[in-house]
Amino acid sequence: MMMRLSPKPALVKPAPDHFKQLLQESPFAKRAMPLCRTRDVMNWNGFALVNVYSTVEEEYFAIRNRSSVFDLAPMMKYRISGKDAEAYCNRLVTRDVRKQKPGRVSYVVWCDEAGMVIDDGTLFRFSATEFRLCSQERQIDWLLDCALGYDVTISDVSESIMALTLQGPTSASLLKLCGFKGVENIKPFEIKDWKIGKLAVTVSRTGFTADLGYELWVDAGDAIALWDLLFEHGQGRGLVPIGNEALNMARIEAGLLLPGIDFISSMANVRMGFCRSPYELGLDFTVDLAKPHFNGRAALVAEKQNETSRSKLIGLEIESNKPVNDSIVYSDESCQTEIGFVTSAIWSPTCKRNIAIAQINAPYYGTLTQFWVELYLKRELTWQRRVLEAWPVERPFFAHPRRRQTPAGDY
Amino acid sequence: MVKQKFDSIIIGGGHNGLVTAIKLAKAGQRVLVLEAKDQFGGAAVTRGLAPGYNISAAAHLLHLLPKKLQRELRLEQFGLVLAAQNLKTIALDLAGNHVVFDGKNLSGGTAADQSHYPTYHRDMQELARFFAPLLASRAPRLARGKHEPHARAEKLRDACNLAMTGLRLRLLGRRRMRQMLRIIGMNAYDLVDEHFESPLVKGAIALDAVIGTEFAPRTPGTVISYLYRLGAEYAAGNSLAQPQGGMGSVSAALVKAAEAAGVTLKLKSPVARILVSRADSSQGYDDEYAPDYASGVVTVNGTEYHANHIVSNVDPKTTVLQLAGPQHFDTDFVRRINNIRMKGVSGKLHLALKALPEFKGLSRLELGNRLLIAPSSEAIERAIDPTKYGEFAEQPVLEITIPTLADPSLAPAGTHLLSAVVVGIPTELKGGWKAESRKALLKNVMAVLESYAPGIGKLVVQSELLTPSDIAEEFALPGGCWHQGSLTFDQFYFMRPTYGASQYQTPLKGLYLCGAGNHPGGGVMGLAGYNAAQQVLRHPIKNQNSKG
């Protein structure tokens, strides 16, 4: 293998007055912002993104009962291409990329040498030599460092490729209405290209909701055309735009993790011992120790072999209907022994359960079946303390059979 | 494809590789040394310059190879003879008022310098005594990754080593400990300025601090490089020596010792690749947990050799990135290895002279010593400064030996050789090295020499000036760095070559490093090779097939 350093991507020179606008505008903003009736906007990766369009409830129930569309503009997207692209990706992530066929997407995590998770994301495989990695956090420096010695080109295509995620039971039938002929036949985690008039769209059956849904990828210049296409046919299928808050409820129900919320990236971590391995995040299914060497393998082998995981992210169900955000978890009702904390929590409207993702220390995660969660409630300026019983449950909390059903249901 | 099985394969027959080979063979291992060139020795070689003239082509003085190691390897019995020992260092003066360093005595310079030097020397020797034992043992590790072997004995050894170092630091006494902590982060320029008046004295000491690095005396951290060198010289017995037959005879003795120990030695066998395999159930591993390991090497002409231990005398960067390949290592480690600084700003001048040159104010007897042309600290600074910008020095700084005075066998009767380290040449010259630039550089060097030794130019029969990039090419030392990695604070001790490989062992099972790029580093010292062998021997071979 020839030694080769990937060329550093050319710096994008910002506009001279870029500082006047603190947050970047998404290419979908011209359509999205007028629909935002709350003026509730958040900063995601430097983009101004709608947090709530109308009400969280309406948006959440659109995800679960109709169709919802969410702007993925701030998502980081990296093109990985070249002769060694497969070997490169296989050394980068913990999954066996050789088993991933062209036209497929997989959920992946990547680790540092201590086996600690740097980030998670989705890896798209378009051909033998062409991949795209999508993640929430910026990864270009790590991806370039990993390229030393590989015949690959890494480019940041975050701003040239835009995406909307279309999630909900009626999403397949909506796409059919839009002209995506045969879209019901694509399988979960499959990728296919469509041409709707002049608009080229790549469709992947992926999402963040554990339900039927698609992600639609276009060139940045076609962003508005894609939005218009969906909304032109959307009314009959109950299409509404959704903000971050509603999507977050769906992703907790789906049991999916967010960096910065459920785990800290080992690149961002400062305090010793606060980052986590894939095993500790409950992502065992993403790790294939038998494949050729990959970043963190030696550390992960030792962790698994010696059973040295320090904690585990598990699903909890809690009595009562009060979400237990940020609560500390105890092994006893008297709250003497602290054994972990909650990272994400909601009252799940669909499951009608009070659910949470929690980091539980060893050895309690495997042995205890009863936990106690301490909750502080503010009622008319008065703080009340509750100690609630909790018990471990399977993640995802919500997983509808129609997410896997192919052909997709025509609702 | 031929397959042959050994206990250990040493890639590269430099002096460190040979020391490792001898030590392993003596412990009963079957050892193979593969050398790319047609001569063993690496940078400790004697080779032809012109018909009848043989020169030490890289290192030209023996001052770092510990006496104890020489005795253990029985180098004297294997033919190592010293033509000259206890050489003095003479800092040359244009007017002939030279300064002579002879152990703790200084002659020349100002009266104040002369009276202060013995005190300074004693203080520095005390600090050198502190550093010396650090070199002869492996660097301790402050932390072990959870995936690494945590044998308690290993941890205990490291803890003891570290505790002893702390204790010895305290035992220096309050005054010396404070003195060391005060100066250790300083630059050499300020240190010599505090102590001495004469520019020649300052220049000579400052040159000791920076020679072989890419830094000039005003660069922070040059004092620790200086103390390190003093420590290495202290460990070696503080004798500046010249081997009979040039530095190549050190290697020749090592080769004989290796042969006697039963080492298989092969020349002209450049290794193309280190073979890496995944262990399997036959070795008692579960598929999931089986480690990758270095199982052998394949030479450029396709011959495969297999062994339990692959020990590379090649620099760590080339070993990991080119021979084994980054795909077998984690990105963090590869990044650290790739960032090892390997730069040299020194070249080598070799002159075949038809007669002995005359240096102003030096007797024939004195000419056989180590002669420095470093008129002041500023002169060194000025010589090295242009190298930062891809240019060479107007007036390079020189460390000269005329080996033929003590060892006439190196040149035809009546003729002489001059060998000089030339400080102030960049590895990469702006615009690249061309015939004209080489000529211009040689002119600068000869002009400096001529001013101290008028008429020397007319005596030259044959000249050769190796730039750092020539040294890189000829001796496989990337960047022209003598030490396979600059000997500076950030690349010392447990940071040499980098954490994760600081105990001669890479994260790839079975792949070891024994070259100067490892602790304690460069020069013809042999300790990296010695320490590496000890580390290899700590890991017993499974499926024994050795003779021992």
# chains A, B, ... in the order shown; residues from 1 in each chain; ligands from 1
$ closest_atom_pairs --of "chain B" --to "chain A" --cutoff "9 Å" --atoms "only C-alpha atoms" --output "tab-separated table"
residue	atom	partner	partner_atom	distance
B:Gly145	CA	A:Ala114	CA	6.9
B:Lys146	CA	A:Ala299	CA	6.4
B:His147	CA	A:Ala299	CA	4.5
B:Glu148	CA	A:Ala299	CA	8.0
B:Arg278	CA	A:Pro292	CA	8.1
B:Asp287	CA	A:Ala290	CA	5.9
B:Glu288	CA	A:Ala290	CA	4.5
B:Tyr289	CA	A:Val301	CA	5.5
B:Ala290	CA	A:Ala290	CA	7.9
B:Pro291	CA	A:Ala298	CA	7.5
B:Asp292	CA	A:His293	CA	7.5
B:Leu321	CA	A:Gly149	CA	7.3
B:Gln322	CA	A:Met3	CA	7.0
B:Gly325	CA	A:Gly149	CA	7.3
B:Pro326	CA	A:Gly149	CA	6.1
B:Gln327	CA	A:Arg91	CA	6.9
B:His328	CA	A:His293	CA	5.8
B:Phe329	CA	A:His293	CA	7.3
B:Asp330	CA	A:Asn295	CA	4.7
B:Thr331	CA	A:Cys146	CA	5.5
B:Asp332	CA	A:Glu113	CA	6.1
B:Phe333	CA	A:Glu113	CA	7.5
B:Val334	CA	A:Leu148	CA	8.0
B:Arg335	CA	A:Asp145	CA	6.7
B:Asn338	CA	A:Leu148	CA	8.9
B:Pro507	CA	A:Ala298	CA	8.7
$ residues_around --residues "B:Leu323" --least-positions-apart "5" --cutoff "12 Å" --atoms "only C-alpha atoms" --output "number ranges by chain"
A: 1-3, 149; B: 11, 270-276, 294, 296-300, 310-318, 328, 511
$ select_by_dssp --residues "stretch 342-399 of chain A" --states "alpha helix (DSSP H)" --output "list in words"
Tyr364, Tyr365, Gly366 and Thr367 of chain A
$ atom_distance --atom1 "atom CA of B:His63" --atom2 "atom CA of B:Leu513"
23.2 Å
$ closest_residue --among "B:Ser115, B:Thr213, B:Ser377, B:Thr303" --to "B:Gly522" --atoms "only C-alpha atoms"
B:Thr213
